[in-house]
Structure formats: C-alpha cells, structure tokens
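Undergrad: Just so it is clear, I am handing over entry_33.txt, which has compact mmCIF, C-alpha atoms and all ligand atoms.
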# COMPACT_ATOMS: atom_id res chain seq x y z
CA MET A 1 10.22 -18.23 15.83
CA ASN A 2 12.71 -16.05 14.00
CA HIS A 3 11.28 -12.65 13.18
CA THR A 4 14.43 -11.09 11.79
CA PRO A 5 13.48 -9.63 8.44
CA PRO A 6 15.65 -10.62 5.48
CA ILE A 7 18.14 -7.97 4.35
CA PRO A 8 16.39 -5.52 2.04
CA LEU A 9 17.87 -4.42 -1.25
CA PRO A 10 19.58 -1.01 -1.30
CA ILE A 11 16.76 1.52 -1.27
CA GLU A 12 16.29 5.04 0.03
CA VAL A 13 13.44 7.07 1.52
CA LYS A 14 12.96 10.61 0.23
CA GLU A 15 10.34 13.12 -0.95
CA SER A 16 7.92 11.48 -3.32
CA GLY A 17 6.20 12.72 -6.45
CA ILE A 18 3.13 10.75 -5.35
CA HIS A 19 2.56 11.45 -1.66
CA ASN A 20 4.84 12.72 1.13
CA ARG A 21 7.78 10.38 1.35
CA GLY A 22 8.45 7.47 -0.96
CA VAL A 23 10.95 4.67 -1.38
CA PHE A 24 13.35 4.67 -4.31
CA ALA A 25 15.56 2.03 -5.88
CA THR A 26 19.26 2.88 -5.62
CA ARG A 27 20.30 0.19 -8.10
CA ASN A 28 18.64 -1.63 -10.97
CA ILE A 29 16.30 -4.34 -9.70
CA LYS A 30 15.31 -7.39 -11.73
CA LYS A 31 11.71 -8.54 -12.03
CA GLY A 32 10.96 -11.04 -9.25
CA GLU A 33 13.75 -9.91 -6.92
CA PHE A 34 12.87 -9.67 -3.25
CA ILE A 35 13.08 -6.03 -2.11
CA ILE A 36 11.94 -5.66 1.48
CA GLU A 37 9.71 -7.18 4.14
CA TYR A 38 6.80 -5.10 5.42
CA THR A 39 7.13 -5.52 9.17
CA GLY A 40 4.99 -4.41 12.07
CA GLU A 41 2.86 -5.36 15.01
CA LYS A 42 0.56 -8.36 14.58
CA ILE A 43 -2.86 -7.44 15.93
CA SER A 44 -6.35 -8.92 15.92
CA LYS A 45 -8.73 -7.94 13.15
CA GLU A 46 -10.91 -6.21 15.74
CA GLU A 47 -7.99 -4.03 16.92
CA GLY A 48 -6.98 -3.44 13.28
CA ASP A 49 -10.48 -2.22 12.40
CA ARG A 50 -10.45 0.07 15.43
CA ARG A 51 -7.11 1.61 14.37
CA VAL A 52 -8.22 2.00 10.75
CA ASP A 53 -11.36 3.85 11.88
CA ALA A 54 -9.28 6.15 14.10
CA THR A 55 -6.81 6.87 11.29
CA ASN A 56 -9.57 7.54 8.79
CA LYS A 57 -11.16 9.98 11.23
CA ALA A 58 -7.84 11.80 11.71
CA HIS A 59 -7.37 11.87 7.94
CA ARG A 60 -10.82 13.40 7.39
CA GLU A 61 -9.98 16.14 9.89
CA ASN A 62 -6.54 16.73 8.41
CA PRO A 63 -5.86 15.43 4.88
CA GLN A 64 -2.11 15.66 5.58
CA HIS A 65 -2.54 12.96 8.20
CA ALA A 66 -1.01 9.70 7.05
CA PHE A 67 -3.10 6.87 5.72
CA THR A 68 -3.27 3.74 7.78
CA TYR A 69 -0.29 1.38 7.68
CA ILE A 70 -2.44 -1.60 8.56
CA PHE A 71 -2.09 -4.60 6.32
CA GLU A 72 -4.58 -7.44 6.24
CA LEU A 73 -2.77 -10.73 6.88
CA ASP A 74 -5.77 -13.07 6.83
CA GLU A 75 -9.33 -13.25 8.13
CA ASN A 76 -8.15 -13.15 11.78
CA TRP A 77 -5.04 -11.03 11.85
CA ASP A 78 -3.78 -7.64 10.72
CA LEU A 79 -0.29 -6.16 10.76
CA ASP A 80 0.15 -2.54 11.84
CA GLY A 81 3.24 -1.32 10.00
CA ASP A 82 3.38 2.04 11.77
CA THR A 83 6.73 1.32 13.43
CA PRO A 84 10.06 3.17 13.03
CA GLU A 85 11.86 0.05 11.66
CA ASN A 86 9.33 -0.50 8.90
CA THR A 87 10.84 1.33 5.92
CA ALA A 88 8.38 -0.46 3.62
CA LYS A 89 5.54 1.66 5.02
CA TYR A 90 6.83 4.57 2.92
CA ILE A 91 6.26 2.72 -0.35
CA ASN A 92 3.34 4.44 -2.05
CA HIS A 93 0.32 2.92 -3.72
CA SER A 94 0.10 3.08 -7.50
CA CYS A 95 -2.48 1.96 -10.06
CA ASN A 96 0.48 1.04 -12.29
CA PRO A 97 2.91 -0.36 -9.73
CA ASN A 98 6.40 -1.74 -10.23
CA CYS A 99 6.26 -3.94 -7.11
CA THR A 100 3.97 -6.59 -5.74
CA PHE A 101 3.52 -8.19 -2.34
CA SER A 102 2.92 -11.74 -1.17
CA ILE A 103 1.89 -13.01 2.25
CA THR A 104 3.36 -16.29 3.46
CA ASP A 105 3.21 -17.50 7.07
CA ALA A 106 1.89 -14.09 8.17
CA ARG A 107 4.88 -12.28 6.68
CA ILE A 108 4.57 -9.70 3.93
CA MET A 109 7.27 -9.74 1.27
CA ILE A 110 7.57 -7.03 -1.36
CA SER A 111 9.27 -7.86 -4.64
CA ALA A 112 9.72 -6.37 -8.09
CA ALA A 113 6.76 -6.85 -10.43
CA ARG A 114 8.93 -5.82 -13.38
CA ASP A 115 12.48 -4.62 -14.01
CA ILE A 116 13.06 -1.40 -12.07
CA ALA A 117 15.76 1.14 -12.88
CA ALA A 118 17.95 2.82 -10.25
CA GLY A 119 16.26 6.03 -9.13
CA GLU A 120 12.68 4.87 -9.81
CA GLU A 121 10.13 5.27 -7.05
CA LEU A 122 8.82 1.92 -5.78
CA SER A 123 5.08 1.33 -5.59
CA TYR A 124 2.59 -1.47 -5.25
CA ASN A 125 -1.18 -1.75 -5.27
CA TYR A 126 -2.31 -1.63 -1.62
CA GLY A 127 -5.16 -3.92 -2.60
CA PHE A 128 -7.86 -2.25 -0.53
CA ASP A 129 -11.32 -3.75 -0.82
CA LEU A 130 -14.05 -1.81 -2.48
CA ASP A 131 -16.01 -1.30 0.73
CA GLU A 132 -18.18 1.58 1.92
CA GLU A 133 -15.08 3.58 2.84
CA TYR A 134 -13.26 3.38 -0.48
CA GLU A 135 -13.80 7.08 -1.21
CA GLU A 136 -11.49 7.87 1.73
CA TYR A 137 -8.58 6.38 -0.19
CA ILE A 138 -8.10 8.88 -2.98
CA CYS A 139 -5.24 7.95 -5.32
CA ARG A 140 -2.93 10.56 -6.81
CA CYS A 141 -0.43 8.14 -8.31
CA GLY A 142 -0.45 9.99 -11.64
CA ALA A 143 -0.42 6.82 -13.71
CA SER A 144 -2.26 7.15 -17.02
CA ASN A 145 -4.56 4.29 -15.94
CA CYS A 146 -5.20 5.72 -12.42
CA VAL A 147 -8.71 4.77 -11.24
CA GLY A 148 -8.77 7.56 -8.63
CA TYR A 149 -8.89 5.33 -5.56
CA MET A 150 -6.48 2.89 -3.94
CA ILE A 151 -8.53 -0.14 -4.88
CA ALA A 152 -7.37 -3.68 -5.58
CA GLU A 153 -7.18 -4.30 -9.29
CA GLU A 154 -9.72 -7.16 -9.12
CA ASP A 155 -12.29 -4.59 -7.85
CA TRP A 156 -11.76 -2.11 -10.71
CA PRO A 157 -14.70 -3.42 -12.81
CA GLU A 158 -16.98 -3.09 -9.75
CA LEU A 159 -15.67 0.46 -9.14
CA GLU A 160 -16.50 1.26 -12.76
CA ARG A 161 -20.10 0.00 -12.24
CA LEU A 162 -20.47 2.02 -9.01
CA ARG A 163 -19.32 5.18 -10.74
CA ALA A 164 -21.63 4.64 -13.71
CA LYS A 165 -24.52 4.23 -11.26
CA LYS A 166 -23.53 7.44 -9.44
CA THR A 167 -23.35 9.40 -12.69
CA ALA A 168 -26.81 8.13 -13.65
CA ASN A 169 -28.33 8.87 -10.19
CA PRO A 170 -26.25 11.53 -8.48
ZN ZN A 201 -3.84 5.76 -8.99
For the file at hand, write its structure as structure tokens.

TA:
Amino acid sequence: MNHTPPIPLPIEVKESGIHNRGVFATRNIKKGEFIIEYTGEKISKEEGDRRVDATNKAHRENPQHAFTYIFELDENWDLDGDTPENTAKYINHSCNPNCTFSITDARIMISAARDIAAGEELSYNYGFDLDEEYEEYICRCGASNCVGYMIAEEDWPELERLRAKKTANP
C-alpha cells in the first residue's frame, strides 16, 4: 500500500492568533481544493483512548500542554498525528472554519470549505463528540459564533441544552 501523502498546497506554520502555532495559506485557495493530508500513526481505539486520557491529564496539569492530535478514523481505529512530518497537526480548530476534512480509506484529507485568501489562518472543526470530557476542550477561536468548546457542529444544539440545564441547576 502506498502511504506517500499527496503534495500539500503551499502553506506555512507560524504563531497563531488562536492557539500556539497555526497553519497559514501562502496563496489564494479555491473552495474545494485539497490542501494537506493529516498523517500519523494508525493505532487501535483502545490505544487511542489511553493516549487521549494521558494527554488530557497533562493538559489539566499544565494548560500550555498541547491538545491531543488523535483523530478518530472509524469505530476500530484512531490516527495519532503527533509526528514531526504531520504539518496538518498545527491547523487549529475553529467554530467558523475555512477548511473541512474527509476520511476515505483510513486517510484524512483536509480541503478548503470556502475560498481562502493568501495569509489567512487555516482552521477546521475538530468534530469532537459531546462526551463527558467536552469541557476539557475549551475553544478560543474568536469567531463571533464560537460555542466555547471544540464540539462538532451537529452537537451544538445538544450543547445548548446542556448549558441551559446547568444554568437552571448549577
Ligand atoms: Zn470557537
């Protein structure tokens, strides 16, 4: 099987307005264009869960500690993107992202969700589930529609209900 990632578009990694480092477009990108593959180590879900727990623990102890780079491939497999080659790991989450990802044959491809201008920071929605740990994933994307956590958009209504419940019964 050929695991060579396709050539990414010209992008650069530098200080981000959102969180630590980010990835920036160095030329205009058209909606739908492939940008970069998110590569990493394919691991079992069990190992993925173990690494996520360890990272969350480190993050609680030191908020500067990076979030996990583990991506859910399917119900059996995860991909740990914490490797030096994986430039895509520096793309930040946003509640109003300009990129999107798709998973085909256990490969994660990131492409433009809309036209992107040279110099713009790239972002996509990490799509985390609204599980018992969602409060660990605080979002500081700064978008006007930011929901405060890195939660998949389909879970936003549920997040809204949870918060309303919390406000009613703190
Ligand atoms: Zn946000």

Undergrad: With only C-alpha atoms and all ligand atoms counted, collect every polymer residue having an atom within 12 Å of ligand ZN 201 (chain A); state the result as a compact mmCIF listing (two decimals) with C-alpha atoms, keeping the file's coordinate frame.

TA:
# COMPACT_ATOMS: atom_id res chain seq x y z
CA ILE A 18 3.13 10.75 -5.35
CA HIS A 19 2.56 11.45 -1.66
CA ASN A 92 3.34 4.44 -2.05
CA HIS A 93 0.32 2.92 -3.72
CA SER A 94 0.10 3.08 -7.50
CA CYS A 95 -2.48 1.96 -10.06
CA ASN A 96 0.48 1.04 -12.29
CA PRO A 97 2.91 -0.36 -9.73
CA SER A 123 5.08 1.33 -5.59
CA TYR A 124 2.59 -1.47 -5.25
CA ASN A 125 -1.18 -1.75 -5.27
CA TYR A 126 -2.31 -1.63 -1.62
CA GLY A 127 -5.16 -3.92 -2.60
CA TYR A 137 -8.58 6.38 -0.19
CA ILE A 138 -8.10 8.88 -2.98
CA CYS A 139 -5.24 7.95 -5.32
CA ARG A 140 -2.93 10.56 -6.81
CA CYS A 141 -0.43 8.14 -8.31
CA GLY A 142 -0.45 9.99 -11.64
CA ALA A 143 -0.42 6.82 -13.71
CA SER A 144 -2.26 7.15 -17.02
CA ASN A 145 -4.56 4.29 -15.94
CA CYS A 146 -5.20 5.72 -12.42
CA VAL A 147 -8.71 4.77 -11.24
CA GLY A 148 -8.77 7.56 -8.63
CA TYR A 149 -8.89 5.33 -5.56
CA MET A 150 -6.48 2.89 -3.94
CA ILE A 151 -8.53 -0.14 -4.88
CA ALA A 152 -7.37 -3.68 -5.58
CA GLU A 153 -7.18 -4.30 -9.29
CA TRP A 156 -11.76 -2.11 -10.71

Undergrad: To one decimal place, how far is CA of Lys14 (chain A) from CA of Ala112 (chain A) in Å?

TA: 19.2 Å

Undergrad: Between A:Asp78, A:Glu47, A:Glu61, A:Glu12, single out the one closest to Arg107 (chain A), counting all atoms listed in the file.

TA: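 Checking each of A:Asp78, A:Glu47, A:Glu61, A:Glu12 against Arg107 (chain A), counting all atoms listed in the file, the winner is A:Asp78.
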
Undergrad: So that I can check the surroundings of region 40-42 of chain A, please list as a PyMOL selection string every protein, DNA and RNA residue that reaches within 6 Å of it, counting all atoms listed in the file and ignoring chain neighbours fewer than 4 positions away.

TA: chain A and resi 78-81

Undergrad: What separation in Å, quoted to one decimal, exists between CA of Phe34 (chain A) and CA of Pro8 (chain A)?

TA: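 For CA of Phe34 (chain A) relative to CA of Pro8 (chain A), the distance reads 7.6 Å.
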
Undergrad: Using all atoms listed in the file, find the one residue out of A:Gly32, A:Phe101, A:Asp82, A:Ala106 that sits nearest to Thr55 (chain A).

TA: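 Using all atoms listed in the file, Thr55 (chain A) sits closest to A:Asp82.
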
Undergrad: Point out the residue among A:Leu73, A:Val52, A:Ala58, A:Ala117 with the least atom-to-atom distance to Thr39 (chain A), counting only C-alpha atoms.

TA: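 Smallest separation from Thr39 (chain A) among the options: A:Leu73.
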
Undergrad: Between A:Asn56, A:Gly48, A:Leu9, A:Cys99, which is the closest to Asp115 (chain A) once you count all atoms listed in the file?

TA: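 Using all atoms listed in the file, the shortest distance to Asp115 (chain A) belongs to A:Cys99.
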
Undergrad: Excluding His59 (chain A) and its own-chain neighbours fewer than 5 positions away, which residues fall within 10 Å of it when counting only C-alpha atoms? Please give them as a PyMOL selection string.

TA: chain A and resi 53-54+64-68+136-137

Undergrad: Emit a file covering region 64-163 of chain A of the preceding structure with C-alpha atoms, as a short mmCIF file (atom, residue, chain, number, x, y, z; two decimals), in the first residue's frame.

TA:
data_model
loop_
_atom_site.label_atom_id
_atom_site.label_comp_id
_atom_site.auth_asym_id
_atom_site.auth_seq_id
_atom_site.Cartn_x
_atom_site.Cartn_y
_atom_site.Cartn_z
CA GLN A 64 0.09 25.06 27.88
CA HIS A 65 0.38 21.35 27.15
CA ALA A 66 -0.82 20.56 23.66
CA PHE A 67 -4.20 19.05 22.99
CA THR A 68 -4.29 15.55 21.65
CA TYR A 69 -3.51 15.03 17.97
CA ILE A 70 -5.55 11.85 17.84
CA PHE A 71 -8.08 11.63 15.08
CA GLU A 72 -10.90 9.12 15.02
CA LEU A 73 -10.75 7.12 11.77
CA ASP A 74 -13.65 4.74 12.42
CA GLU A 75 -15.09 2.62 15.22
CA ASN A 76 -11.93 0.46 15.40
CA TRP A 77 -9.04 2.72 14.54
CA ASP A 78 -7.55 6.07 15.51
CA LEU A 79 -4.71 8.05 13.95
CA ASP A 80 -2.18 9.73 16.24
CA GLY A 81 -0.94 12.75 14.31
CA ASP A 82 1.74 13.68 16.84
CA THR A 83 4.60 13.08 14.41
CA PRO A 84 7.21 15.56 13.09
CA GLU A 85 6.10 15.10 9.43
CA ASN A 86 2.47 15.92 10.16
CA THR A 87 2.25 19.66 9.47
CA ALA A 88 -1.55 19.39 9.47
CA LYS A 89 -1.50 18.88 13.25
CA TYR A 90 -0.83 22.62 13.63
CA ILE A 91 -4.12 23.57 11.98
CA ASN A 92 -6.32 24.98 14.74
CA HIS A 93 -9.94 24.26 15.49
CA SER A 94 -12.49 26.96 14.75
CA CYS A 95 -16.25 27.27 15.20
CA ASN A 96 -16.26 29.16 11.89
CA PRO A 97 -13.67 27.21 9.93
CA ASN A 98 -12.42 27.76 6.39
CA CYS A 99 -11.40 24.11 5.91
CA THR A 100 -13.06 20.75 6.23
CA PHE A 101 -11.79 17.19 6.42
CA SER A 102 -12.92 13.91 4.90
CA ILE A 103 -11.86 10.37 5.73
CA THR A 104 -11.55 7.88 2.89
CA ASP A 105 -9.79 4.51 3.18
CA ALA A 106 -8.45 5.50 6.61
CA ARG A 107 -6.78 8.62 5.22
CA ILE A 108 -7.67 12.12 6.37
CA MET A 109 -7.76 14.80 3.69
CA ILE A 110 -8.14 18.48 4.52
CA SER A 111 -9.57 20.79 1.89
CA ALA A 112 -10.92 24.32 1.60
CA ALA A 113 -14.50 24.76 2.80
CA ARG A 114 -14.64 28.16 1.12
CA ASP A 115 -12.33 30.46 -0.83
CA ILE A 116 -9.32 31.32 1.33
CA ALA A 117 -7.09 34.34 0.80
CA ALA A 118 -3.28 34.22 1.00
CA GLY A 119 -2.23 34.96 4.58
CA GLU A 120 -5.40 33.60 6.23
CA GLU A 121 -5.01 31.11 9.05
CA LEU A 122 -6.42 27.69 8.19
CA SER A 123 -8.88 26.03 10.55
CA TYR A 124 -11.41 23.24 10.63
CA ASN A 125 -13.88 21.92 13.16
CA TYR A 126 -12.15 19.06 15.02
CA GLY A 127 -15.54 17.43 15.35
CA PHE A 128 -15.16 16.20 18.91
CA ASP A 129 -18.14 14.39 20.36
CA LEU A 130 -20.10 15.97 23.13
CA ASP A 131 -19.00 13.41 25.71
CA GLU A 132 -18.34 13.75 29.44
CA GLU A 133 -14.95 15.32 28.74
CA TYR A 134 -16.09 18.10 26.42
CA GLU A 135 -15.31 20.80 28.99
CA GLU A 136 -11.61 19.94 28.61
CA TYR A 137 -11.70 21.25 25.05
CA ILE A 138 -12.16 24.95 25.57
CA CYS A 139 -12.30 26.89 22.30
CA ARG A 140 -10.72 30.32 21.91
CA CYS A 141 -11.18 30.60 18.16
CA GLY A 142 -12.59 34.13 18.47
CA ALA A 143 -15.28 33.57 15.87
CA SER A 144 -18.46 35.56 16.53
CA ASN A 145 -20.40 32.28 16.64
CA CYS A 146 -17.89 30.50 18.95
CA VAL A 147 -19.70 27.99 21.18
CA GLY A 148 -16.84 27.90 23.71
CA TYR A 149 -15.85 24.27 23.17
CA MET A 150 -14.34 22.31 20.31
CA ILE A 151 -17.52 20.41 19.59
CA ALA A 152 -18.77 19.02 16.29
CA GLU A 153 -21.35 21.29 14.78
CA GLU A 154 -24.04 18.57 14.82
CA ASP A 155 -23.71 18.53 18.65
CA TRP A 156 -24.20 22.29 19.10
CA PRO A 157 -27.96 22.04 19.82
CA GLU A 158 -27.24 19.39 22.48
CA LEU A 159 -24.50 21.62 23.98
CA GLU A 160 -27.05 24.44 24.13
CA ARG A 161 -29.49 22.17 26.05
CA LEU A 162 -26.74 21.04 28.47
CA ARG A 163 -25.81 24.64 29.21
#
